[in-house]
Structure formats: structure tokens, C-alpha cells
file entry39.cif (mmCIF, C-alpha atoms and all ligand atoms)
data_protein
#
loop_
_atom_site.group_PDB
_atom_site.id
_atom_site.type_symbol
_atom_site.label_atom_id
_atom_site.label_comp_id
_atom_site.auth_asym_id
_atom_site.auth_seq_id
_atom_site.Cartn_x
_atom_site.Cartn_y
_atom_site.Cartn_z
ATOM 1 C CA MET J 221 68.379 240.166 172.077
ATOM 2 C CA GLU J 222 65.167 241.618 173.515
ATOM 3 C CA ILE J 223 63.037 244.732 173.244
ATOM 4 C CA ARG J 224 60.111 246.028 175.243
ATOM 5 C CA ILE J 225 56.890 247.034 173.485
ATOM 6 C CA GLY J 226 54.523 248.617 175.998
ATOM 7 C CA ASN J 227 54.040 245.945 178.671
ATOM 8 C CA SER J 228 55.271 243.130 176.468
ATOM 9 C CA LEU J 229 58.684 241.647 175.882
ATOM 10 C CA LEU J 230 59.872 240.452 172.463
ATOM 11 C CA VAL J 231 62.875 238.143 172.725
ATOM 12 C CA LEU J 232 65.088 236.456 170.113
ATOM 13 C CA VAL J 233 66.951 233.314 171.132
ATOM 14 C CA GLN J 234 68.777 230.566 169.325
ATOM 15 C CA GLY J 235 67.486 227.096 170.121
ATOM 16 C CA ASP J 236 65.037 224.241 169.727
ATOM 17 C CA ILE J 237 61.425 225.365 170.049
ATOM 18 C CA THR J 238 60.247 222.035 171.485
ATOM 19 C CA GLN J 239 62.106 222.849 174.730
ATOM 20 C CA GLU J 240 60.247 226.115 175.378
ATOM 21 C CA ASP J 241 58.043 226.537 178.451
ATOM 22 C CA THR J 242 55.884 229.389 177.177
ATOM 23 C CA ASP J 243 52.091 228.850 177.389
ATOM 24 C CA ALA J 244 52.051 227.871 173.709
ATOM 25 C CA LEU J 245 54.438 226.961 170.906
ATOM 26 C CA VAL J 246 53.671 227.763 167.297
ATOM 27 C CA ASN J 247 54.060 224.936 164.795
ATOM 28 C CA THR J 248 54.801 225.347 161.070
ATOM 29 C CA ALA J 249 52.068 222.951 159.988
ATOM 30 C CA ASN J 250 50.881 222.049 156.497
ATOM 31 C CA SER J 251 47.278 222.651 155.457
ATOM 32 C CA ARG J 252 46.245 219.029 156.076
ATOM 33 C CA LEU J 253 47.779 219.164 159.594
ATOM 34 C CA ALA J 254 49.366 215.885 158.551
ATOM 35 C CA GLY J 255 52.760 216.306 160.188
ATOM 36 C CA GLY J 256 56.029 216.630 158.304
ATOM 37 C CA GLY J 257 59.673 217.536 158.761
ATOM 38 C CA GLY J 258 61.344 220.549 160.357
ATOM 39 C CA VAL J 259 59.546 222.139 163.297
ATOM 40 C CA ASP J 260 56.420 220.067 162.632
ATOM 41 C CA GLY J 261 58.238 216.744 162.947
ATOM 42 C CA ALA J 262 60.151 217.877 166.033
ATOM 43 C CA ILE J 263 56.971 219.055 167.822
ATOM 44 C CA HIS J 264 55.063 215.828 167.150
ATOM 45 C CA ARG J 265 58.054 213.698 168.191
ATOM 46 C CA ALA J 266 58.542 215.589 171.435
ATOM 47 C CA GLY J 267 54.850 216.127 172.219
ATOM 48 C CA GLY J 268 53.563 212.609 171.567
ATOM 49 C CA PRO J 269 50.444 211.281 169.807
ATOM 50 C CA ALA J 270 47.818 213.396 171.629
ATOM 51 C CA ILE J 271 48.692 216.374 169.386
ATOM 52 C CA MET J 272 48.157 214.411 166.144
ATOM 53 C CA ALA J 273 44.920 212.947 167.501
ATOM 54 C CA GLU J 274 43.518 216.483 167.898
ATOM 55 C CA CYS J 275 44.902 217.570 164.516
ATOM 56 C CA ARG J 276 43.015 214.691 162.871
ATOM 57 C CA LYS J 277 39.781 215.792 164.498
ATOM 58 C CA ILE J 278 40.273 219.384 163.329
ATOM 59 C CA GLY J 279 41.088 218.069 159.844
ATOM 60 C CA GLY J 280 42.961 220.972 158.285
ATOM 61 C CA CYS J 281 43.900 224.650 158.301
ATOM 62 C CA PRO J 282 44.033 227.101 155.366
ATOM 63 C CA THR J 283 47.262 228.951 154.622
ATOM 64 C CA GLY J 284 47.556 232.112 156.727
ATOM 65 C CA GLN J 285 45.214 230.763 159.432
ATOM 66 C CA ALA J 286 45.836 228.961 162.748
ATOM 67 C CA VAL J 287 44.285 226.286 164.976
ATOM 68 C CA ILE J 288 45.090 225.192 168.533
ATOM 69 C CA THR J 289 45.616 221.792 170.195
ATOM 70 C CA THR J 290 46.985 220.432 173.434
ATOM 71 C CA GLY J 291 50.737 220.515 173.977
ATOM 72 C CA GLY J 292 50.731 216.818 174.862
ATOM 73 C CA ASN J 293 53.980 215.940 176.627
ATOM 74 C CA LEU J 294 55.605 219.299 175.877
ATOM 75 C CA LYS J 295 56.319 221.821 178.630
ATOM 76 C CA ALA J 296 54.069 224.241 176.724
ATOM 77 C CA ARG J 297 50.378 223.634 177.440
ATOM 78 C CA TYR J 298 49.243 224.287 173.874
ATOM 79 C CA VAL J 299 50.465 224.049 170.304
ATOM 80 C CA ILE J 300 49.151 226.623 167.846
ATOM 81 C CA HIS J 301 49.405 225.151 164.345
ATOM 82 C CA THR J 302 49.693 227.722 161.607
ATOM 83 C CA VAL J 303 50.280 227.315 157.898
ATOM 84 C CA GLY J 304 52.728 229.693 156.258
ATOM 85 C CA PRO J 305 52.826 230.230 152.487
ATOM 86 C CA ILE J 306 55.087 228.259 150.176
ATOM 87 C CA TYR J 307 57.267 230.963 148.606
ATOM 88 C CA ARG J 308 57.011 231.153 144.828
ATOM 89 C CA ASP J 309 58.129 234.570 143.580
ATOM 90 C CA GLY J 310 56.590 237.025 146.029
ATOM 91 C CA SER J 311 53.699 237.934 143.738
ATOM 92 C CA HIS J 312 51.255 235.298 144.970
ATOM 93 C CA GLY J 313 50.125 236.982 148.173
ATOM 94 C CA GLU J 314 52.999 235.461 150.152
ATOM 95 C CA GLU J 315 53.613 238.533 152.322
ATOM 96 C CA GLU J 316 49.992 238.872 153.469
ATOM 97 C CA LEU J 317 49.730 235.123 154.068
ATOM 98 C CA LEU J 318 52.908 235.071 156.140
ATOM 99 C CA ALA J 319 51.765 238.087 158.187
ATOM 100 C CA GLY J 320 48.395 236.323 158.577
ATOM 101 C CA ALA J 321 50.069 233.212 159.997
ATOM 102 C CA TYR J 322 51.694 235.316 162.758
ATOM 103 C CA ARG J 323 48.624 237.498 163.378
ATOM 104 C CA GLU J 324 46.143 234.610 163.554
ATOM 105 C CA SER J 325 48.446 232.723 165.951
ATOM 106 C CA LEU J 326 48.619 235.759 168.228
ATOM 107 C CA LYS J 327 44.831 236.240 168.051
ATOM 108 C CA LEU J 328 44.280 232.628 169.040
ATOM 109 C CA ALA J 329 46.640 233.049 172.004
ATOM 110 C CA SER J 330 44.740 236.182 173.098
ATOM 111 C CA ALA J 331 41.383 234.420 172.725
ATOM 112 C CA ARG J 332 42.609 231.678 175.102
ATOM 113 C CA ASN J 333 44.040 234.187 177.577
ATOM 114 C CA LEU J 334 47.570 232.915 177.035
ATOM 115 C CA LYS J 335 50.355 235.212 178.246
ATOM 116 C CA SER J 336 53.391 233.857 176.435
ATOM 117 C CA LEU J 337 54.193 232.134 173.170
ATOM 118 C CA SER J 338 57.143 230.987 171.099
ATOM 119 C CA PHE J 339 57.424 231.243 167.329
ATOM 120 C CA PRO J 340 59.807 229.560 164.893
ATOM 121 C CA ALA J 341 60.703 231.322 161.646
ATOM 122 C CA ILE J 342 57.531 230.388 159.748
ATOM 123 C CA SER J 343 58.030 229.523 156.030
ATOM 124 C CA ALA J 344 61.789 230.066 156.311
ATOM 125 C CA GLY J 345 62.641 226.346 156.031
ATOM 126 C CA VAL J 346 61.213 223.923 153.475
ATOM 127 C CA TYR J 347 58.702 226.583 152.313
ATOM 128 C CA GLY J 348 61.613 228.650 151.021
ATOM 129 C CA TYR J 349 60.774 232.231 152.074
ATOM 130 C CA PRO J 350 63.849 234.484 151.617
ATOM 131 C CA LEU J 351 65.247 234.864 155.112
ATOM 132 C CA GLN J 352 65.619 238.621 155.341
ATOM 133 C CA GLU J 353 62.079 239.185 154.084
ATOM 134 C CA ALA J 354 60.654 236.448 156.324
ATOM 135 C CA ALA J 355 62.327 238.109 159.322
ATOM 136 C CA ARG J 356 61.020 241.578 158.421
ATOM 137 C CA ILE J 357 57.440 240.356 158.007
ATOM 138 C CA ALA J 358 57.597 238.215 161.166
ATOM 139 C CA LEU J 359 58.946 240.990 163.364
ATOM 140 C CA THR J 360 56.833 243.856 162.016
ATOM 141 C CA THR J 361 53.659 241.777 162.375
ATOM 142 C CA VAL J 362 54.420 240.757 165.960
ATOM 143 C CA ILE J 363 55.506 244.276 166.971
ATOM 144 C CA GLU J 364 52.336 245.778 165.492
ATOM 145 C CA TYR J 365 50.184 243.245 167.347
ATOM 146 C CA LEU J 366 51.927 243.808 170.683
ATOM 147 C CA LYS J 367 51.574 247.570 170.320
ATOM 148 C CA ASN J 368 47.795 247.131 170.124
ATOM 149 C CA HIS J 369 47.285 244.202 172.535
ATOM 150 C CA GLN J 370 48.636 244.419 176.060
ATOM 151 C CA ASP J 371 47.422 240.937 177.069
ATOM 152 C CA ILE J 372 50.370 238.995 175.666
ATOM 153 C CA GLU J 373 53.360 239.531 177.942
ATOM 154 C CA LEU J 374 56.068 237.564 176.172
ATOM 155 C CA VAL J 375 56.812 236.530 172.593
ATOM 156 C CA ARG J 376 59.943 234.502 171.995
ATOM 157 C CA PHE J 377 61.361 233.783 168.545
ATOM 158 C CA VAL J 378 63.253 230.512 168.846
ATOM 159 C CA LEU J 379 65.620 230.414 165.911
ATOM 160 C CA PHE J 380 67.417 227.324 164.733
ATOM 161 C CA GLY J 381 71.079 228.138 164.104
ATOM 162 C CA GLN J 382 73.405 231.122 164.144
ATOM 163 C CA LYS J 383 72.688 232.400 160.624
ATOM 164 C CA ILE J 384 68.961 232.828 161.064
ATOM 165 C CA PHE J 385 69.448 234.246 164.554
ATOM 166 C CA ASP J 386 71.859 236.845 163.137
ATOM 167 C CA VAL J 387 69.426 237.828 160.360
ATOM 168 C CA PHE J 388 66.507 238.249 162.780
ATOM 169 C CA SER J 389 68.730 240.215 165.200
ATOM 170 C CA ALA J 390 69.874 242.630 162.500
ATOM 171 C CA VAL J 391 66.306 243.204 161.279
ATOM 172 C CA LEU J 392 65.028 243.729 164.846
ATOM 173 C CA LYS J 393 67.821 246.197 165.537
ATOM 174 C CA ASP J 394 66.741 248.246 162.513
ATOM 175 C CA LEU J 395 63.062 248.089 163.427
ATOM 176 C CA SER J 396 63.532 248.843 167.118
ATOM 177 C CA SER J 397 65.076 252.209 166.359
ATOM 178 C CA GLU J 398 61.593 253.154 165.090
ATOM 179 C CA ILE J 399 59.723 252.052 168.249
ATOM 180 C CA PRO J 400 58.940 254.908 170.656
ATOM 181 C CA LYS J 401 60.429 254.311 174.131
HETATM 182 P P1 LIG X 1 58.295 225.833 156.814
HETATM 183 O O1 LIG X 1 57.737 224.557 156.209
HETATM 184 O O2 LIG X 1 57.195 226.786 157.277
HETATM 185 O O3 LIG X 1 59.334 226.472 155.969
HETATM 186 P P2 LIG X 1 60.223 224.469 158.579
HETATM 187 O O4 LIG X 1 59.797 223.705 159.780
HETATM 188 O O5 LIG X 1 60.750 223.718 157.393
HETATM 189 O O6 LIG X 1 58.953 225.370 158.205
HETATM 190 O O7 LIG X 1 61.307 225.540 158.990
HETATM 191 C C1 LIG X 1 61.027 226.763 159.636
HETATM 192 C C2 LIG X 1 62.255 227.240 160.387
HETATM 193 O O8 LIG X 1 62.364 226.518 161.624
HETATM 194 C C3 LIG X 1 63.580 227.013 159.664
HETATM 195 O O9 LIG X 1 64.391 228.163 159.910
HETATM 196 C C4 LIG X 1 64.162 225.795 160.362
HETATM 197 O O10 LIG X 1 65.582 225.808 160.352
HETATM 198 C C5 LIG X 1 63.678 226.003 161.776
HETATM 199 N N1 LIG X 1 63.620 224.809 162.651
HETATM 200 C C6 LIG X 1 63.678 223.493 162.340
HETATM 201 N N2 LIG X 1 63.580 222.729 163.456
HETATM 202 C C7 LIG X 1 63.441 223.592 164.512
HETATM 203 C C8 LIG X 1 63.296 223.448 165.921
HETATM 204 N N3 LIG X 1 63.276 222.245 166.510
HETATM 205 N N4 LIG X 1 63.176 224.577 166.682
HETATM 206 C C9 LIG X 1 63.196 225.802 166.116
HETATM 207 N N5 LIG X 1 63.323 226.001 164.793
HETATM 208 C C10 LIG X 1 63.457 224.914 163.999
#

call {"tool": "encode", "arguments": {"input": "entry39.cif", "output": "C-alpha cells"}}
result
Amino acid sequence: MEIRIGNSLLVLVQGDITQEDTDALVNTANSRLAGGGGVDGAIHRAGGPAIMAECRKIGGCPTGQAVITTGGNLKARYVIHTVGPIYRDGSHGEEELLAGAYRESLKLASARNLKSLSFPAISAGVYGYPLQEAARIALTTVIEYLKNHQDIELVRFVLFGQKIFDVFSAVLKDLSSEIPK
């Protein structure tokens, strides 16, 4: 599924984010940038040790913020590491932190003049964010950014599995009816 927002394209696909050839991939890092499971493990495995070497130098990243490293052996030139919130009950600033993770990743891509990037569903794995809510926050934040920034031409959400792809698709369908053509 895809929609156009001004000059930019927002695309949802099902797949493995490590295979993407956008300028950058976004990683669901932890605040120590120490590597882990899920997307984080897959990116470090596929990208090789150069990514971790840069993460060690950077040292860490607060929740809701983002940092950038080389893409190592990946097709993508860069990895943007962002830290989503661990979901507790929704009353601990989770929504703003999750929106921040998307927004700060996009800002970093703009600052580096990148034209395309791929996101996973941040916080929707081990960090336990309810899927429907995670999808709504992810998509509204990216749509809002693309409306106001023409520099990024392509954002791809690379979703792992049919269920999460279906949830994101349904939420995007609802939201896109509100976007002026
Ligand atoms: P978090 O710790 O932020 O919850 P996870 O990496 O545990 O992040 O999971 C985030 C989402 O990414 C989940 O929906 C998970 O199924 C998905 N995922 C896991 N591996 C990949 C991959 N290789 N490509 C794309 N998405 C993935």
C-alpha cells in the first residue's frame, strides 16, 4: 500500500528491513546502543562490526532521540539508531516518546540530505507497545513530517509479518482519507 504526501511517497511493505536499499534504515536500538534482539540484532548481524564500533564511540542515546552511523555492509548507506519507549500503561509519556523516535529519525535524515529511509514498527516488538496505537502514532508522525518537509522523497515501513502489515494498512487507510489530494 502507498500514498502520496506532497512530493513524497509513503509505502507499507511486508519484509525484512535489513534488505532495504533506501539511503538509511532505522534501528530499534536500546539506550546504551548495546545491540539486542529483534531488528537490532538483525541489523548488526547483516551490517557487520563497523556499525557497533561507531555505536560504542557514540556511547548511548536517550529514549525518543536518534543517532546515525554507517550502514556497514548493508545496502543502505546509514543506520539511524533510535530508542522507542518501553510500554508500561500509556501514562508515562509513551506516546510523545514514540512520536519523538520517528520525528528525530526523520530530522536526522533531513540534516544529512538523505532522500529515502525505511522504518520498522518501533516499540511494537519486545518493548510491548499495543500494535494499533503504535501504528497510529507512527503513521501520523511521519505524515505530519512529510507534509512540512519536501526533502524526503520516500519513507518505507518494512513490517515483519502479515498481522502487523494488516494493522498498519488499516490505520493508513483511515488516515489517508483525511489527507488532501
Ligand atoms: P522494540 O524493542 O522497539 O519493540 P523490536 O526489534 O523488538 O523493537 O521489534 C520491532 C518490530 O520489528 C516488531 O514488529 C518486530 O516483529 C519487527 N521485526 C523484527 N525483526 C525485523 C526485521 N528483520 N525487519 C523488520 N521488522 C522486524

call {"tool": "axis_aligned_box", "arguments": {"input": "entry39.cif", "around": "ligand LIG 1 (chain X)", "padding_each_side": "8 Å", "output": "lines of an AutoDock Vina configuration file"}}
result
center_x = 61.4
center_y = 225.2
center_z = 161.3
size_x = 24.4
size_y = 21.9
size_z = 26.7

call {"tool": "closest_residue", "arguments": {"input": "entry39.cif", "among": "J:Gly284, J:Gly235, J:Gly310, J:Gly226", "to": "ligand LIG 1 (chain X)", "atoms": "only C-alpha atoms and all ligand atoms"}}
result
J:Gly235

call {"tool": "residues_near_ligand", "arguments": {"input": "entry39.cif", "ligand": "ligand LIG 1 (chain X)", "cutoff": "9 Å", "atoms": "all atoms listed in the file", "output": "PyMOL selection string"}}
result
chain J and resi 234-239+247-250+256-263+302-307+339-349+351+377-381+384

call {"tool": "atom_distance", "arguments": {"input": "entry39.cif", "atom1": "atom CA of Arg356 of chain J", "atom2": "atom CA of Leu395 of chain J"}}
result
8.5 Å

call {"tool": "residues_near_point", "arguments": {"input": "entry39.cif", "point": "(63.3, 241.5, 155.4)", "cutoff": "12 Å", "atoms": "all atoms listed in the file", "output": "VMD selection string"}}
result
chain J and resid 315 344 349 to 361 384 387 to 392 394 to 395

call {"tool": "closest_residue", "arguments": {"input": "entry39.cif", "among": "J:Leu232, J:Gly292, J:Gln285, J:Ala244", "to": "Phe385 of chain J", "atoms": "all atoms listed in the file"}}
result
J:Leu232

call {"tool": "closest_residue", "arguments": {"input": "entry39.cif", "among": "J:Leu245, J:Ala319, J:Ala273, J:Val231", "to": "His301 of chain J", "atoms": "all atoms listed in the file"}}
result
J:Leu245

call {"tool": "closest_residue", "arguments": {"input": "entry39.cif", "among": "J:Glu373, J:Asp386, J:Glu316, J:Asp309", "to": "Leu230 of chain J", "atoms": "all atoms listed in the file"}}
result
J:Glu373

call {"tool": "atom_distance", "arguments": {"input": "entry39.cif", "atom1": "atom CA of Glu274 of chain J", "atom2": "atom CA of Ile288 of chain J"}}
result
8.9 Å

call {"tool": "atom_distance", "arguments": {"input": "entry39.cif", "atom1": "atom CA of Arg297 of chain J", "atom2": "atom CA of Arg265 of chain J"}}
result
15.6 Å

call {"tool": "resolve_selection", "arguments": {"input": "entry39.cif", "expression": "the PyMOL selection byres (((chain J and resi 334) around 10) and not hetatm)", "output": "list in words"}}
result
Thr242, Asp243, Ala244, Arg297, Tyr298, Leu326, Lys327, Leu328, Ala329, Ser330, Ala331, Arg332, Asn333, Lys335, Ser336, Leu337, Asp371, Ile372, Glu373 and Leu374 of chain J

call {"tool": "resolve_selection", "arguments": {"input": "entry39.cif", "expression": "the PyMOL selection byres (((chain J and resi 275) around 9) and not hetatm)", "output": "ChimeraX atom specification"}}
result
/J:252-254,270-274,276-280,287-289,301

call {"tool": "build_atoms", "arguments": {"input": "entry39.cif", "residues": "segment 378-399 of chain J", "atoms": "N, CA, C and O atoms", "output": "PDB file, in the frame of the given file"}}
result
ATOM      1  N   VAL J 378      62.235 231.527 168.579  1.00  0.00           N
ATOM      2  CA  VAL J 378      63.253 230.512 168.846  1.00  0.00           C
ATOM      3  C   VAL J 378      63.824 230.070 167.505  1.00  0.00           C
ATOM      4  O   VAL J 378      63.149 229.408 166.714  1.00  0.00           O
ATOM      5  N   LEU J 379      65.039 230.514 167.250  1.00  0.00           N
ATOM      6  CA  LEU J 379      65.620 230.414 165.911  1.00  0.00           C
ATOM      7  C   LEU J 379      66.680 229.325 165.880  1.00  0.00           C
ATOM      8  O   LEU J 379      67.494 229.214 166.808  1.00  0.00           O
ATOM      9  N   PHE J 380      66.615 228.547 164.832  1.00  0.00           N
ATOM     10  CA  PHE J 380      67.417 227.324 164.733  1.00  0.00           C
ATOM     11  C   PHE J 380      68.710 227.636 164.005  1.00  0.00           C
ATOM     12  O   PHE J 380      68.737 227.667 162.784  1.00  0.00           O
ATOM     13  N   GLY J 381      69.785 227.912 164.742  1.00  0.00           N
ATOM     14  CA  GLY J 381      71.079 228.138 164.104  1.00  0.00           C
ATOM     15  C   GLY J 381      71.492 229.605 164.131  1.00  0.00           C
ATOM     16  O   GLY J 381      70.663 230.514 164.220  1.00  0.00           O
ATOM     17  N   GLN J 382      72.806 229.791 164.012  1.00  0.00           N
ATOM     18  CA  GLN J 382      73.405 231.122 164.144  1.00  0.00           C
ATOM     19  C   GLN J 382      72.985 232.064 163.009  1.00  0.00           C
ATOM     20  O   GLN J 382      72.664 233.224 163.236  1.00  0.00           O
ATOM     21  N   LYS J 383      72.925 231.524 161.781  1.00  0.00           N
ATOM     22  CA  LYS J 383      72.688 232.400 160.624  1.00  0.00           C
ATOM     23  C   LYS J 383      71.324 233.072 160.733  1.00  0.00           C
ATOM     24  O   LYS J 383      71.197 234.294 160.591  1.00  0.00           O
ATOM     25  N   ILE J 384      70.313 232.275 161.009  1.00  0.00           N
ATOM     26  CA  ILE J 384      68.961 232.828 161.064  1.00  0.00           C
ATOM     27  C   ILE J 384      68.805 233.740 162.278  1.00  0.00           C
ATOM     28  O   ILE J 384      68.143 234.775 162.220  1.00  0.00           O
ATOM     29  N   PHE J 385      69.475 233.383 163.377  1.00  0.00           N
ATOM     30  CA  PHE J 385      69.448 234.246 164.554  1.00  0.00           C
ATOM     31  C   PHE J 385      70.077 235.610 164.212  1.00  0.00           C
ATOM     32  O   PHE J 385      69.533 236.660 164.564  1.00  0.00           O
ATOM     33  N   ASP J 386      71.184 235.590 163.499  1.00  0.00           N
ATOM     34  CA  ASP J 386      71.859 236.845 163.137  1.00  0.00           C
ATOM     35  C   ASP J 386      70.984 237.707 162.222  1.00  0.00           C
ATOM     36  O   ASP J 386      70.922 238.924 162.377  1.00  0.00           O
ATOM     37  N   VAL J 387      70.290 237.063 161.276  1.00  0.00           N
ATOM     38  CA  VAL J 387      69.426 237.828 160.360  1.00  0.00           C
ATOM     39  C   VAL J 387      68.276 238.466 161.146  1.00  0.00           C
ATOM     40  O   VAL J 387      68.003 239.665 161.002  1.00  0.00           O
ATOM     41  N   PHE J 388      67.608 237.693 161.974  1.00  0.00           N
ATOM     42  CA  PHE J 388      66.507 238.249 162.780  1.00  0.00           C
ATOM     43  C   PHE J 388      67.015 239.377 163.699  1.00  0.00           C
ATOM     44  O   PHE J 388      66.348 240.394 163.862  1.00  0.00           O
ATOM     45  N   SER J 389      68.192 239.193 164.281  1.00  0.00           N
ATOM     46  CA  SER J 389      68.730 240.215 165.200  1.00  0.00           C
ATOM     47  C   SER J 389      68.988 241.525 164.466  1.00  0.00           C
ATOM     48  O   SER J 389      68.662 242.601 164.967  1.00  0.00           O
ATOM     49  N   ALA J 390      69.566 241.415 163.269  1.00  0.00           N
ATOM     50  CA  ALA J 390      69.874 242.630 162.500  1.00  0.00           C
ATOM     51  C   ALA J 390      68.592 243.349 162.106  1.00  0.00           C
ATOM     52  O   ALA J 390      68.489 244.585 162.198  1.00  0.00           O
ATOM     53  N   VAL J 391      67.582 242.586 161.688  1.00  0.00           N
ATOM     54  CA  VAL J 391      66.306 243.204 161.279  1.00  0.00           C
ATOM     55  C   VAL J 391      65.637 243.846 162.497  1.00  0.00           C
ATOM     56  O   VAL J 391      65.129 244.971 162.429  1.00  0.00           O
ATOM     57  N   LEU J 392      65.663 243.160 163.646  1.00  0.00           N
ATOM     58  CA  LEU J 392      65.028 243.729 164.846  1.00  0.00           C
ATOM     59  C   LEU J 392      65.742 244.997 165.295  1.00  0.00           C
ATOM     60  O   LEU J 392      65.095 245.948 165.737  1.00  0.00           O
ATOM     61  N   LYS J 393      67.062 245.011 165.156  1.00  0.00           N
ATOM     62  CA  LYS J 393      67.821 246.197 165.537  1.00  0.00           C
ATOM     63  C   LYS J 393      67.363 247.404 164.701  1.00  0.00           C
ATOM     64  O   LYS J 393      67.111 248.484 165.223  1.00  0.00           O
ATOM     65  N   ASP J 394      67.231 247.184 163.408  1.00  0.00           N
ATOM     66  CA  ASP J 394      66.741 248.246 162.513  1.00  0.00           C
ATOM     67  C   ASP J 394      65.352 248.702 162.910  1.00  0.00           C
ATOM     68  O   ASP J 394      65.084 249.894 163.014  1.00  0.00           O
ATOM     69  N   LEU J 395      64.462 247.739 163.136  1.00  0.00           N
ATOM     70  CA  LEU J 395      63.062 248.089 163.427  1.00  0.00           C
ATOM     71  C   LEU J 395      62.926 248.762 164.790  1.00  0.00           C
ATOM     72  O   LEU J 395      62.099 249.659 164.956  1.00  0.00           O
ATOM     73  N   SER J 396      63.735 248.348 165.751  1.00  0.00           N
ATOM     74  CA  SER J 396      63.532 248.843 167.118  1.00  0.00           C
ATOM     75  C   SER J 396      63.922 250.302 167.235  1.00  0.00           C
ATOM     76  O   SER J 396      63.434 251.005 168.114  1.00  0.00           O
ATOM     77  N   SER J 397      64.746 250.792 166.314  1.00  0.00           N
ATOM     78  CA  SER J 397      65.076 252.209 166.359  1.00  0.00           C
ATOM     79  C   SER J 397      63.849 253.058 166.030  1.00  0.00           C
ATOM     80  O   SER J 397      63.798 254.246 166.328  1.00  0.00           O
ATOM     81  N   GLU J 398      62.817 252.407 165.444  1.00  0.00           N
ATOM     82  CA  GLU J 398      61.593 253.154 165.090  1.00  0.00           C
ATOM     83  C   GLU J 398      60.511 253.053 166.159  1.00  0.00           C
ATOM     84  O   GLU J 398      59.451 253.653 166.036  1.00  0.00           O
ATOM     85  N   ILE J 399      60.751 252.233 167.220  1.00  0.00           N
ATOM     86  CA  ILE J 399      59.723 252.052 168.249  1.00  0.00           C
ATOM     87  C   ILE J 399      59.891 253.116 169.327  1.00  0.00           C
ATOM     88  O   ILE J 399      60.967 253.251 169.892  1.00  0.00           O
TER      89      ILE J 399
END
